[in-house]
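Report on one structure; see the data block that follows.
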4 protein chains.
Amino acid sequence: MQANVHRLSMQHPGDLGALAALFDSGALAPADVVAVIGKTEGNGGVNDFTRGYFTFALATLLSERLGTSRSDILKRIPCVLSGGTEGVLSPHYLVFERRRSDGSAAPPAGKRLAIGVAFSAPMLPEAIGRRAHVDAIAGAVEAAMRDAGIDDANDVHFVQVKTPCVTVARAAAAQARGASAVSTDANRAMAYARAAGAFGVAAALGELDRGALTDAAMLSDTTLYSSRASVSSGVEVECNEVIVLGNSGRWTGDLTIAHRPMCDALDLPAVTATLADLGITAAPQVTAADARRIRGVLVKCEPDRHGAVRGHRHTMLDDTDINAQRHIRGAVGGLVAGVMGDGRIFVSGGAEHQGPDGGGLIAVIAEI
Amino acid sequence: MQANVHRLSMQHPGDLGALAALFDSGALAPADVVAVIGKTEGNGGVNDFTRGYFTFALATLLSERLGTSRSDILKRIPCVLSGGTEGVLSPHYLVFERRRSDGSAAPPAGKRLAIGVAFSAPMLPEAIGRRAHVDAIAGAVEAAMRDAGIDDANDVHFVQVKTPCVTVARAAAAQARGASAVSTDANRAMAYARAAGAFGVAAALGELDRGALTDAAMLSDTTLYSSRASVSSGVEVECNEVIVLGNSGRWTGDLTIAHRPMCDALDLPAVTATLADLGITAAPQVTAADARRIRGVLVKCEPDRHGAVRGHRHTMLDDTDINAQRHIRGAVGGLVAGVMGDGRIFVSGGAEHQGPDGGGLIAVIAEI
Amino acid sequence: MQANVHRLSMQHPGDLGALAALFDSGALAPADVVAVIGKTEGNGGVNDFTRGYFTFALATLLSERLGTSRSDILKRIPCVLSGGTEGVLSPHYLVFERRRSDGSAAPPAGKRLAIGVAFSAPMLPEAIGRRAHVDAIAGAVEAAMRDAGIDDANDVHFVQVKTPCVTVARAAAAQARGASAVSTDANRAMAYARAAGAFGVAAALGELDRGALTDAAMLSDTTLYSSRASVSSGVEVECNEVIVLGNSGRWTGDLTIAHRPMCDALDLPAVTATLADLGITAAPQVTAADARRIRGVLVKCEPDRHGAVRGHRHTMLDDTDINAQRHIRGAVGGLVAGVMGDGRIFVSGGAEHQGPDGGGLIAVIAEI
Amino acid sequence: MQANVHRLSMQHPGDLGALAALFDSGALAPADVVAVIGKTEGNGGVNDFTRGYFTFALATLLSERLGTSRSDILKRIPCVLSGGTEGVLSPHYLVFERRRSDGSAAPPAGKRLAIGVAFSAPMLPEAIGRRAHVDAIAGAVEAAMRDAGIDDANDVHFVQVKTPCVTVARAAAAQARGASAVSTDANRAMAYARAAGAFGVAAALGELDRGALTDAAMLSDTTLYSSRASVSSGVEVECNEVIVLGNSGRWTGDLTIAHRPMCDALDLPAVTATLADLGITAAPQVTAADARRIRGVLVKCEPDRHGAVRGHRHTMLDDTDINAQRHIRGAVGGLVAGVMGDGRIFVSGGAEHQGPDGGGLIAVIAEI
């Protein structure tokens, strides 16, 4: 198998023109699309409908090209979007292509980018953010690793999870059944959903002991984290969608992936170290030539919950006007984009248990 | 004369406790305070009252320590605040101290930090953002240079201007007199006020030909800019306040200042180059030891008006929820703080004619 | 002809389930849908993509039911959405149905609701908010009156216009052609577009003399207004779409429409007077029985540009956190919903030249 | 004793000019000021510093006029501010005056406005939003009733409480002591603080059985509420401040107060019924003559937690851009201001257990 990643821009959340053009030119076969990860320009919160809009437009395009229904598309191809292009971030999406190698070329000497996907069953609102959610996601990650042909969990560098959130309407539906959602506060419930996702990834990758991943530990024991999990939660999905990215000797192609945890929102060395793993020097900025080798930058981050970064008070958590996740995406996005010289960075807030407390993680996909 | 800069944190916009403690300990004499520049945690817009709150509290503290009235304090000591601590930015203020040298020590070999201040007459609302405003500010900058004992404009590295803005009420007052404000849109009028400030600085420093600085050029001819002007506009002042920072052989002390223009919001090399001018290496981040030498970081920036940074679309200008200046402060603040390893960065948006179009400038004060 | 109005709720901006159910049940034939007016839950600003999302989903549903393309649907059926359901406002949409009468019933004694629609040619970005825009809209209103079979402009009670706005990208495209947009400030440009729309309606209805409707008068001479124009401007359309609502003796059905100008944001008497025109008493609130007769409530409003309502200062125009249009929609929506006892009110901000300065207008559709 | 209420406007949160003018003219003696309730134009959330700014400025003015320290003023005169003047709401403050009657006039036939105040001891962060908080507030309400000379709790019509909230910094301080705050989410913790305040009032007035007012009931059992409690929570106070307003035969003066619970955000009849209690007819709007009799309008409200008002979905709770409290203040403020024909309405969000679930309450002070 051969993996490829297309980094495409959009003019608005319903604009799939760049992907349609790839299809039209023959550069990409619609049937070879296995996953999409993107940043749309909504607010990234409960009422961010840019994710649903993009997803609907993507499903419509693929259904027209593949002659199948929108719902069939969405049951097969994870489309994981993070809303919020604060600051210099640029709306864009990564289209992951999996192409059958023609076998004519000699296999590459080292490991190359491998892609696997999986879906869980739909989640009930009352399960979201609880242990059953963790187990559902762990199972989906294992399935995606099998799909990617990755045996060794150490070869996994990034796991993207998209998981449903609890809206007021869904919480009411649960209550009508006699069940209760993990929180009636919509933003809080989204945080629990992300925590469950991170725990599920950590369980599947063997990063954490499954016994420790209790309901009580979620959003509470911050020493428990995955360095490779990226979880988004949104109103537009009802089941867990998983994309596993790693390196594998079974895959051909000219891409690889590397990652690092980020210890806090100022962890510039983690960014340059990840690039160094890929043979790219940023002194202080990636050169234009190297920038063209980079195919995707994926970052998770969060506002430090103690209200300070390296001893200095920040105001993100006390701001009633701008959601704290919007603040941190803008700041970390500005830092990483400055190193890359490029605003097409997937930066997702809500990094509960995804990287060190108050920090997050970064993964970069680049040509060899 | 000997200059010193105290970088102090605050718990809220009315908290002057750290300054009071310096007074109480004798480390700083109240009469030696000549200027204050700070970042408060408001929204940085027309209705940001954190600036006025801090100013009122500062004036109250100094009036109590110096036995003079609040209004006398505010007529003598420029207090220039920029609202908005988006992302990792930390609310803080720089207290500029000017102390008479005791003459016992030999003068230093090179130039050291010099500080000068000046005030203009009050501005009428209808003058704001127009040529008369430019001239008033240019005069104040020249006065502040004289106050600093700087003869050569090349020795000036940073000029902070605080200038009044046009509120709806002030515009109505002008109209009642038969005059009209430069714009009835409050945010637009603030932009004109900042443009006039930048032109005034450029005129005084000889960066631009005065003949070019017309009403029509403001917010229009973006090739006209100062690389050393930083202008804030707010509801809480009625006259122009100017602080000139430079290096001078007449001053003792152990601080110097350097600056660079920033070509865009991703101009990481400008940050490291400014540090290099001060003998500080960031590879990629300033070391803890060097970080302790840094006494102040001052940045201006703005969202690129063409809607793209290095060819990639940004969404700052089309966002109805978050003001574009809040976006850009968060992003550039994240970048600069990442290099410094410290969130105490004065980042001010609204860089019209302050640095290259779509960019801005940075100045750093550090120990020799 | 017989007019009907279906007031339907949605769970999110892409949810057309209620309309699909009407189609499925046979209560409404897809071919009889002539127009849609709705309120979606975006921010109502330049980056409100909920309007585009709803429109895309509506076009998809109708194209599937009618066996025609999405673009054909959108060229024939005006879909006019206003974003922003601040406060108690409830996301909903009005589906306007035009059914051929079977001729079996005797014609009604009085005039009944009549509906007409029209589209203009696409607008260039540089034409938006200028006199050419006014003329294009006036022509479309006249065409819609003919479509409705209304000869006397006095029988028109509400004209909804949806018109394109200038985004940063569109302004740049115009500039690349050597043309310039009416304003580079996105919110300002939207205001000009709405002004042009109001002037176009006033011209067509004979409310204002065409000679007075100059470029200079737009957003400037507030004595010029239409009492029946409601204009929205958004990124998702490229031509002007017009819906005319009035009463006509040629139409059967059991609905009528009435309207009143609102003199300011506190004009509660205008609301009760409009209801009185329809034979409905609110003392102080519409009874549950009468509430069931009401099929649609359409309101335009705006924050008073002088910064005060009835002599008391408001803060809408100086708020950097919340757009002034969001403020006023929430306030006037709360007032009208309180009278109706129902949050399904179409309240659209941006009432430049639509009703008296600082006020707006209200129209109500109810059963006889 | 004789009570009077002065309704004053402000130009910004630090503007006490109208009060200073009353002092200067002799219309009000500084020593007769017993309490202040006001609406400032901040966001009403954790980072609303307009409340602290106003309080600091008020304390400064009174300390200068009374020759005592700012802290002595603030320990004696409750200054209860609610941030947020969304929509048509106008920044203003009510100054409550208590003047010793000269005894020359005959006592009035009926009951007249009576005012009492009280302060509790400072609250520890970990006590906030828990049962100890309830008891502290109940004690303060009883003290304020004694201060007002009101024996019968039925004569109390409005109790304003200002109580501290938990900021991130305060929560960290508690944690450092081994204690934990009721919630680490700042907005959630504010809600708990308001709940405790409401329970405290209900206990003191005998509206609810004290045994029912448990930690578990707070923010949970919505059948428990006070119809006369109005609670604000903010960063700027450390102890509970209480103002009791009622009618008493022991007081002279020409003012009375009435109140009603509001069953939901559309409860227009509750507004007109309260006015009717005072002999004022709104049909539909208060006449200009009657409007001059009104001295203060005090409203509490909240977004319905079930996500719907009278069966129609609202979007306040799912909005990541605008806090739900800002939404509801704007909507209910618009409704009440429409009835009064005046935007000077004190509308405070966060009505947990203050009035019926999803509703709130209204109190009006007017001349006989």
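Every chain in the structure tokens takes a letter, A first, then B, and so on in the order presented; its residues are numbered from 1, and the ligands are numbered from 1 following the presented order.
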
8 Å contacts from chain D to chain A using only C-alpha atoms, as a VMD selection string: chain D and resid 43 45 to 47 167 to 169 172 186 306 to 307 317 to 323

Can you tell me, as a CSV table (one decimal) with all heavy atoms, in the first residue's frame, which residues in segment 157-283 of chain D count as strand (DSSP E or B) by DSSP?
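Dumped to part_2.csv:
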```
chain,number,residue,atom,x,y,z
D,157,HIS,N,-39.8,42.8,49.8
D,157,HIS,CA,-40.1,42.6,48.4
D,157,HIS,C,-38.9,42.3,47.5
D,157,HIS,O,-39.1,41.9,46.4
D,157,HIS,CB,-40.9,43.8,47.9
D,157,HIS,CG,-42.3,43.9,48.4
D,157,HIS,ND1,-43.4,43.3,47.7
D,157,HIS,CD2,-42.8,44.4,49.5
D,157,HIS,CE1,-44.5,43.5,48.3
D,157,HIS,NE2,-44.2,44.2,49.5
D,158,PHE,N,-37.7,42.6,48.0
D,158,PHE,CA,-36.5,42.4,47.2
D,158,PHE,C,-35.3,42.4,48.1
D,158,PHE,O,-35.2,43.2,49.0
D,158,PHE,CB,-36.4,43.6,46.2
D,158,PHE,CG,-35.4,43.4,45.1
D,158,PHE,CD1,-35.6,42.5,44.1
D,158,PHE,CD2,-34.1,44.0,45.2
D,158,PHE,CE1,-34.7,42.3,43.1
D,158,PHE,CE2,-33.2,43.8,44.2
D,158,PHE,CZ,-33.4,42.9,43.1
D,159,VAL,N,-34.5,41.3,47.9
D,159,VAL,CA,-33.3,41.2,48.7
D,159,VAL,C,-32.1,41.1,47.7
D,159,VAL,O,-32.1,40.1,47.0
D,159,VAL,CB,-33.3,40.0,49.7
D,159,VAL,CG1,-32.0,39.9,50.5
D,159,VAL,CG2,-34.5,40.1,50.6
D,160,GLN,N,-31.3,42.0,47.7
D,160,GLN,CA,-30.1,42.0,46.8
D,160,GLN,C,-28.9,41.5,47.6
D,160,GLN,O,-28.6,42.0,48.7
D,160,GLN,CB,-29.8,43.4,46.3
D,160,GLN,CG,-28.6,43.4,45.4
D,160,GLN,CD,-28.8,42.6,44.1
D,160,GLN,OE1,-29.8,42.7,43.4
D,160,GLN,NE2,-27.9,41.7,43.8
D,161,VAL,N,-28.3,40.5,47.1
D,161,VAL,CA,-27.1,39.9,47.7
D,161,VAL,C,-25.9,40.0,46.7
D,161,VAL,O,-26.1,39.7,45.5
D,161,VAL,CB,-27.3,38.4,48.1
D,161,VAL,CG1,-26.0,37.8,48.6
D,161,VAL,CG2,-28.5,38.3,49.0
D,162,LYS,N,-24.8,40.4,47.2
D,162,LYS,CA,-23.5,40.4,46.4
D,162,LYS,C,-22.6,39.5,47.1
D,162,LYS,O,-22.3,39.7,48.3
D,162,LYS,CB,-22.9,41.7,46.2
D,162,LYS,CG,-21.7,41.8,45.3
D,162,LYS,CD,-22.1,41.3,43.9
D,162,LYS,CE,-21.0,41.4,42.9
D,162,LYS,NZ,-20.9,42.8,42.5
D,163,THR,N,-22.1,38.5,46.4
D,163,THR,CA,-21.3,37.4,47.1
D,163,THR,C,-20.1,37.1,46.2
D,163,THR,O,-20.1,37.3,45.0
D,163,THR,CB,-22.2,36.2,47.3
D,163,THR,OG1,-21.6,35.3,48.2
D,163,THR,CG2,-22.5,35.5,46.0
D,164,PRO,N,-19.0,36.7,46.9
D,164,PRO,CA,-17.8,36.5,46.1
D,164,PRO,C,-17.9,35.2,45.2
D,164,PRO,O,-18.7,34.4,45.5
D,164,PRO,CB,-16.7,36.3,47.2
D,164,PRO,CG,-17.4,36.0,48.4
D,164,PRO,CD,-18.8,36.6,48.3
D,226,SER,N,-36.6,31.3,45.9
D,226,SER,CA,-37.1,32.5,46.5
D,226,SER,C,-37.7,33.4,45.4
D,226,SER,O,-37.1,33.5,44.3
D,226,SER,CB,-36.0,33.2,47.2
D,226,SER,OG,-36.4,34.5,47.5
D,229,ALA,N,-35.3,37.0,46.0
D,229,ALA,CA,-33.8,37.1,46.0
D,229,ALA,C,-33.2,37.4,44.7
D,229,ALA,O,-33.6,36.9,43.7
D,229,ALA,CB,-33.3,35.7,46.5
D,230,SER,N,-32.3,38.3,44.8
D,230,SER,CA,-31.5,38.7,43.6
D,230,SER,C,-30.0,38.6,44.0
D,230,SER,O,-29.6,39.4,44.9
D,230,SER,CB,-31.8,40.1,43.1
D,230,SER,OG,-30.9,40.6,42.2
D,231,VAL,N,-29.3,37.7,43.4
D,231,VAL,CA,-27.9,37.4,43.8
D,231,VAL,C,-27.0,37.7,42.7
D,231,VAL,O,-27.2,37.1,41.6
D,231,VAL,CB,-27.8,36.0,44.3
D,231,VAL,CG1,-26.4,35.8,45.0
D,231,VAL,CG2,-28.9,35.6,45.3
D,232,SER,N,-25.9,38.5,42.9
D,232,SER,CA,-24.8,38.6,42.0
D,232,SER,C,-23.6,38.0,42.6
D,232,SER,O,-23.4,38.1,43.8
D,232,SER,CB,-24.6,40.1,41.6
D,232,SER,OG,-25.6,40.6,40.8
D,233,SER,N,-22.7,37.5,41.8
D,233,SER,CA,-21.5,37.0,42.3
D,233,SER,C,-20.3,37.6,41.5
D,233,SER,O,-20.4,37.7,40.3
D,233,SER,CB,-21.5,35.5,42.1
D,233,SER,OG,-20.2,34.9,42.5
D,234,GLY,N,-19.3,38.0,42.2
D,234,GLY,CA,-18.2,38.6,41.4
D,234,GLY,C,-16.9,38.6,42.1
D,234,GLY,O,-16.8,38.2,43.3
D,239,CYS,N,-16.8,39.3,51.1
D,239,CYS,CA,-17.8,38.9,52.0
D,239,CYS,C,-19.1,39.1,51.4
D,239,CYS,O,-19.3,39.7,50.3
D,239,CYS,CB,-17.6,39.6,53.3
D,239,CYS,SG,-18.1,41.4,53.3
D,240,ASN,N,-20.2,38.6,52.1
D,240,ASN,CA,-21.5,38.8,51.5
D,240,ASN,C,-22.1,40.1,51.9
D,240,ASN,O,-22.0,40.5,53.1
D,240,ASN,CB,-22.4,37.7,52.1
D,240,ASN,CG,-21.9,36.3,51.8
D,240,ASN,OD1,-21.7,35.9,50.6
D,240,ASN,ND2,-21.6,35.5,52.8
D,241,GLU,N,-22.7,40.8,51.0
D,241,GLU,CA,-23.3,42.1,51.2
D,241,GLU,C,-24.8,42.0,50.9
D,241,GLU,O,-25.2,41.4,49.9
D,241,GLU,CB,-22.7,43.2,50.3
D,241,GLU,CG,-21.2,43.2,50.4
D,241,GLU,CD,-20.6,44.3,49.5
D,241,GLU,OE1,-21.3,45.1,48.9
D,241,GLU,OE2,-19.3,44.4,49.5
D,242,VAL,N,-25.6,42.5,51.8
D,242,VAL,CA,-27.1,42.3,51.6
D,242,VAL,C,-27.8,43.6,51.8
D,242,VAL,O,-27.5,44.4,52.6
D,242,VAL,CB,-27.6,41.3,52.7
D,242,VAL,CG1,-29.1,41.3,52.7
D,242,VAL,CG2,-27.0,39.9,52.5
D,243,ILE,N,-28.8,43.8,50.9
D,243,ILE,CA,-29.7,45.0,50.9
D,243,ILE,C,-31.1,44.4,50.9
D,243,ILE,O,-31.5,43.7,50.0
D,243,ILE,CB,-29.5,45.9,49.7
D,243,ILE,CG1,-28.0,46.3,49.5
D,243,ILE,CG2,-30.4,47.1,49.8
D,243,ILE,CD1,-27.7,47.0,48.2
D,244,VAL,N,-31.8,44.8,51.9
D,244,VAL,CA,-33.2,44.4,52.0
D,244,VAL,C,-34.1,45.6,51.7
D,244,VAL,O,-33.9,46.7,52.3
D,244,VAL,CB,-33.6,43.9,53.4
D,244,VAL,CG1,-35.1,43.9,53.7
D,244,VAL,CG2,-33.0,42.4,53.6
D,245,LEU,N,-35.1,45.4,50.7
D,245,LEU,CA,-36.0,46.4,50.4
D,245,LEU,C,-37.4,45.9,50.7
D,245,LEU,O,-37.8,44.8,50.2
D,245,LEU,CB,-35.9,46.8,48.9
D,245,LEU,CG,-34.5,47.3,48.4
D,245,LEU,CD1,-34.6,47.6,46.9
D,245,LEU,CD2,-34.1,48.6,49.2
D,246,GLY,N,-38.2,46.7,51.4
D,246,GLY,CA,-39.6,46.3,51.7
D,246,GLY,C,-40.4,47.5,52.0
D,246,GLY,O,-40.0,48.7,51.7
D,247,ASN,N,-41.6,47.3,52.5
D,247,ASN,CA,-42.5,48.4,52.9
D,247,ASN,C,-42.7,48.3,54.4
D,247,ASN,O,-42.9,47.2,54.9
D,247,ASN,CB,-43.8,48.3,52.1
D,247,ASN,CG,-43.6,48.5,50.6
D,247,ASN,OD1,-42.9,49.4,50.2
D,247,ASN,ND2,-44.3,47.7,49.8
D,248,SER,N,-42.8,49.5,55.1
D,248,SER,CA,-43.0,49.5,56.5
D,248,SER,C,-43.8,50.7,56.9
D,248,SER,O,-43.6,51.8,56.4
D,248,SER,CB,-41.6,49.5,57.2
D,248,SER,OG,-41.7,49.9,58.5
D,252,THR,N,-41.4,57.0,56.6
D,252,THR,CA,-42.1,58.0,55.8
D,252,THR,C,-41.6,58.1,54.4
D,252,THR,O,-40.9,57.1,54.0
D,252,THR,CB,-42.0,59.4,56.5
D,252,THR,OG1,-40.6,59.7,56.6
D,252,THR,CG2,-42.6,59.3,57.9
D,255,LEU,N,-42.3,56.7,48.6
D,255,LEU,CA,-42.0,55.5,47.7
D,255,LEU,C,-42.6,54.2,48.2
D,255,LEU,O,-42.7,54.1,49.5
D,255,LEU,CB,-40.5,55.4,47.5
D,255,LEU,CG,-39.7,56.6,46.9
D,255,LEU,CD1,-38.3,56.3,46.8
D,255,LEU,CD2,-40.3,57.0,45.6
D,256,THR,N,-42.9,53.3,47.3
D,256,THR,CA,-43.3,51.9,47.7
D,256,THR,C,-42.7,51.0,46.7
D,256,THR,O,-42.2,51.4,45.7
D,256,THR,CB,-44.8,51.7,47.7
D,256,THR,OG1,-45.3,52.0,46.5
D,256,THR,CG2,-45.5,52.4,48.8
D,257,ILE,N,-42.7,49.7,47.1
D,257,ILE,CA,-42.1,48.7,46.2
D,257,ILE,C,-43.1,47.5,46.1
D,257,ILE,O,-43.8,47.2,47.0
D,257,ILE,CB,-40.7,48.2,46.8
D,257,ILE,CG1,-40.1,47.2,45.9
D,257,ILE,CG2,-40.9,47.7,48.2
D,257,ILE,CD1,-38.6,46.9,46.2
D,258,ALA,N,-43.1,46.9,44.9
D,258,ALA,CA,-43.9,45.7,44.7
D,258,ALA,C,-43.0,44.7,43.9
D,258,ALA,O,-42.0,45.1,43.3
D,258,ALA,CB,-45.1,46.1,43.9
D,259,HIS,N,-43.4,43.5,43.9
D,259,HIS,CA,-42.7,42.5,43.1
D,259,HIS,C,-43.6,41.3,42.7
D,259,HIS,O,-44.7,41.2,43.2
D,259,HIS,CB,-41.6,41.9,44.0
D,259,HIS,CG,-42.0,40.8,44.9
D,259,HIS,ND1,-42.7,41.0,46.1
D,259,HIS,CD2,-42.0,39.4,44.7
D,259,HIS,CE1,-43.0,39.8,46.6
D,259,HIS,NE2,-42.6,38.8,45.8
D,260,ARG,N,-43.1,40.6,41.7
D,260,ARG,CA,-43.8,39.4,41.2
D,260,ARG,C,-42.7,38.4,40.7
D,260,ARG,O,-41.7,38.8,40.2
D,260,ARG,CB,-44.7,39.7,40.0
D,260,ARG,CG,-45.9,40.5,40.3
D,260,ARG,CD,-47.0,39.7,41.0
D,260,ARG,NE,-48.1,40.6,41.4
D,260,ARG,CZ,-49.3,40.4,41.0
D,260,ARG,NH1,-49.6,39.5,40.1
D,260,ARG,NH2,-50.3,41.2,41.4
D,261,PRO,N,-43.0,37.1,40.9
D,261,PRO,CA,-42.1,36.1,40.2
D,261,PRO,C,-42.4,36.2,38.7
D,261,PRO,O,-43.5,36.5,38.3
D,261,PRO,CB,-42.5,34.8,40.8
D,261,PRO,CG,-43.9,35.0,41.3
D,261,PRO,CD,-44.0,36.5,41.7
D,262,MET,N,-41.4,35.8,37.9
D,262,MET,CA,-41.6,35.7,36.4
D,262,MET,C,-41.5,34.2,36.1
D,262,MET,O,-40.5,33.6,36.4
D,262,MET,CB,-40.6,36.5,35.6
D,262,MET,CG,-40.8,38.0,35.8
D,262,MET,SD,-39.6,39.0,34.9
D,262,MET,CE,-40.2,38.8,33.2
D,282,ALA,N,-50.0,49.8,32.1
D,282,ALA,CA,-49.2,49.8,30.9
D,282,ALA,C,-50.1,49.2,29.8
D,282,ALA,O,-50.4,48.0,29.9
D,282,ALA,CB,-48.0,49.0,31.1
```

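By only C-alpha atoms, and with residues fewer than 2 positions from His314 of chain A along its chain excluded, the set lying at most 9 Å from it is A:Pro303, A:Asp304, A:Gly307, A:Ala308, A:Val309, A:His312, A:Met316, A:Leu317, A:Asp318, B:Thr85, B:Glu86, B:Gly87, B:Val88, B:Leu89, B:Ser90, B:Pro91, B:Gly343.
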
If DSSP is run on the backbone, what residues of segment 58-187 of chain D are alpha helix (DSSP H)? A reply as an NGL selection string would be ideal. :D and (58-66 or 70-76 or 131-148 or 168-176 or 186-187)

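Separating atom CA of Arg344 of chain D from atom CA of Phe54 of chain D is a distance of 17.0 Å.
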
For a test of reading the model, state the distance in Å between atom CA of Ile77 of chain B and atom CA of Phe56 of chain B, rounded to one decimal. 12.5 Å

Near-Ala203 of chain C list (9 Å; only C-alpha atoms; drop same-chain fewer than 6 positions) as a PyMOL selection string: chain C and resi 134-135+138+209-210+213+226

Those same residues, written as a PDB file, in the first residue's frame with N, CA, C and O atoms?
```pdb
ATOM      1  N   VAL C 134     -29.024  49.575  -6.140  1.00  0.00           N
ATOM      2  CA  VAL C 134     -30.384  50.060  -5.888  1.00  0.00           C
ATOM      3  C   VAL C 134     -31.287  49.739  -7.084  1.00  0.00           C
ATOM      4  O   VAL C 134     -32.382  49.185  -6.930  1.00  0.00           O
ATOM      5  N   ASP C 135     -30.803  50.069  -8.265  1.00  0.00           N
ATOM      6  CA  ASP C 135     -31.624  49.870  -9.458  1.00  0.00           C
ATOM      7  C   ASP C 135     -31.895  48.391  -9.711  1.00  0.00           C
ATOM      8  O   ASP C 135     -32.993  48.009 -10.098  1.00  0.00           O
ATOM      9  N   ALA C 138     -34.608  47.382  -7.254  1.00  0.00           N
ATOM     10  CA  ALA C 138     -35.913  47.946  -7.614  1.00  0.00           C
ATOM     11  C   ALA C 138     -36.547  47.144  -8.748  1.00  0.00           C
ATOM     12  O   ALA C 138     -37.745  46.822  -8.718  1.00  0.00           O
ATOM     13  N   ASP C 209     -38.615  59.145  -3.640  1.00  0.00           N
ATOM     14  CA  ASP C 209     -38.305  59.623  -4.983  1.00  0.00           C
ATOM     15  C   ASP C 209     -36.968  59.051  -5.427  1.00  0.00           C
ATOM     16  O   ASP C 209     -35.974  59.148  -4.698  1.00  0.00           O
ATOM     17  N   ARG C 210     -36.921  58.480  -6.630  1.00  0.00           N
ATOM     18  CA  ARG C 210     -35.695  57.823  -7.074  1.00  0.00           C
ATOM     19  C   ARG C 210     -34.513  58.769  -7.160  1.00  0.00           C
ATOM     20  O   ARG C 210     -33.365  58.371  -6.974  1.00  0.00           O
ATOM     21  N   LEU C 213     -32.126  58.880  -4.196  1.00  0.00           N
ATOM     22  CA  LEU C 213     -31.466  57.653  -3.728  1.00  0.00           C
ATOM     23  C   LEU C 213     -30.046  57.548  -4.274  1.00  0.00           C
ATOM     24  O   LEU C 213     -29.706  56.643  -5.032  1.00  0.00           O
ATOM     25  N   SER C 226     -37.734  52.967   3.775  1.00  0.00           N
ATOM     26  CA  SER C 226     -38.914  52.192   3.409  1.00  0.00           C
ATOM     27  C   SER C 226     -39.510  51.616   4.680  1.00  0.00           C
ATOM     28  O   SER C 226     -38.779  51.199   5.581  1.00  0.00           O
TER      29      SER C 226
END
```

Students should find that atom CA of Gly200 of chain B and atom CA of Cys263 of chain B are spaced 21.1 Å

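Of the residues listed (A:His327, A:Gln175, A:Gln285, A:Thr272), A:His327 shows the shortest atom-to-atom separation from Gly84 of chain B; distances use only C-alpha atoms.
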
Using only C-alpha atoms, determine which residues lie at most 8 Å from Ser82 of chain A, disregarding the query and same-chain residues fewer than 6 positions distant; provide the list as a list in words. Gly38, Lys39, Thr40, Gly44, Arg51, Ser232, Phe346, Val347 and Ser348 of chain A

Would you list the contacts of Val271 of chain D as a PyMOL selection string, taking every protein, DNA or RNA residue within 12 Å and counting only C-alpha atoms, but skipping same-chain residues closer than 2 positions in sequence? (chain C and resi 284-285+338-339) or (chain D and resi 258-269+273-278+280-286+297-299+332-333+335-340+360-364)

Leaving out Arg292 of chain C and any residue of its chain fewer than 2 positions from it, which residues lie within 12 Å of it when counting only C-alpha atoms, given as a list in words? Arg7, Ile280, Val286, Thr287, Ala288, Ala289, Asp290, Ile294, Arg295, Gly296, Met340, Gly341, Asp342, Ile365, Ala366, Glu367 and Ile368 of chain C

So which one's closest to Phe49 of chain D, D:Val156, D:Ala331, D:Gly14, D:Ala291? Using only C-alpha atoms, please. D:Gly14
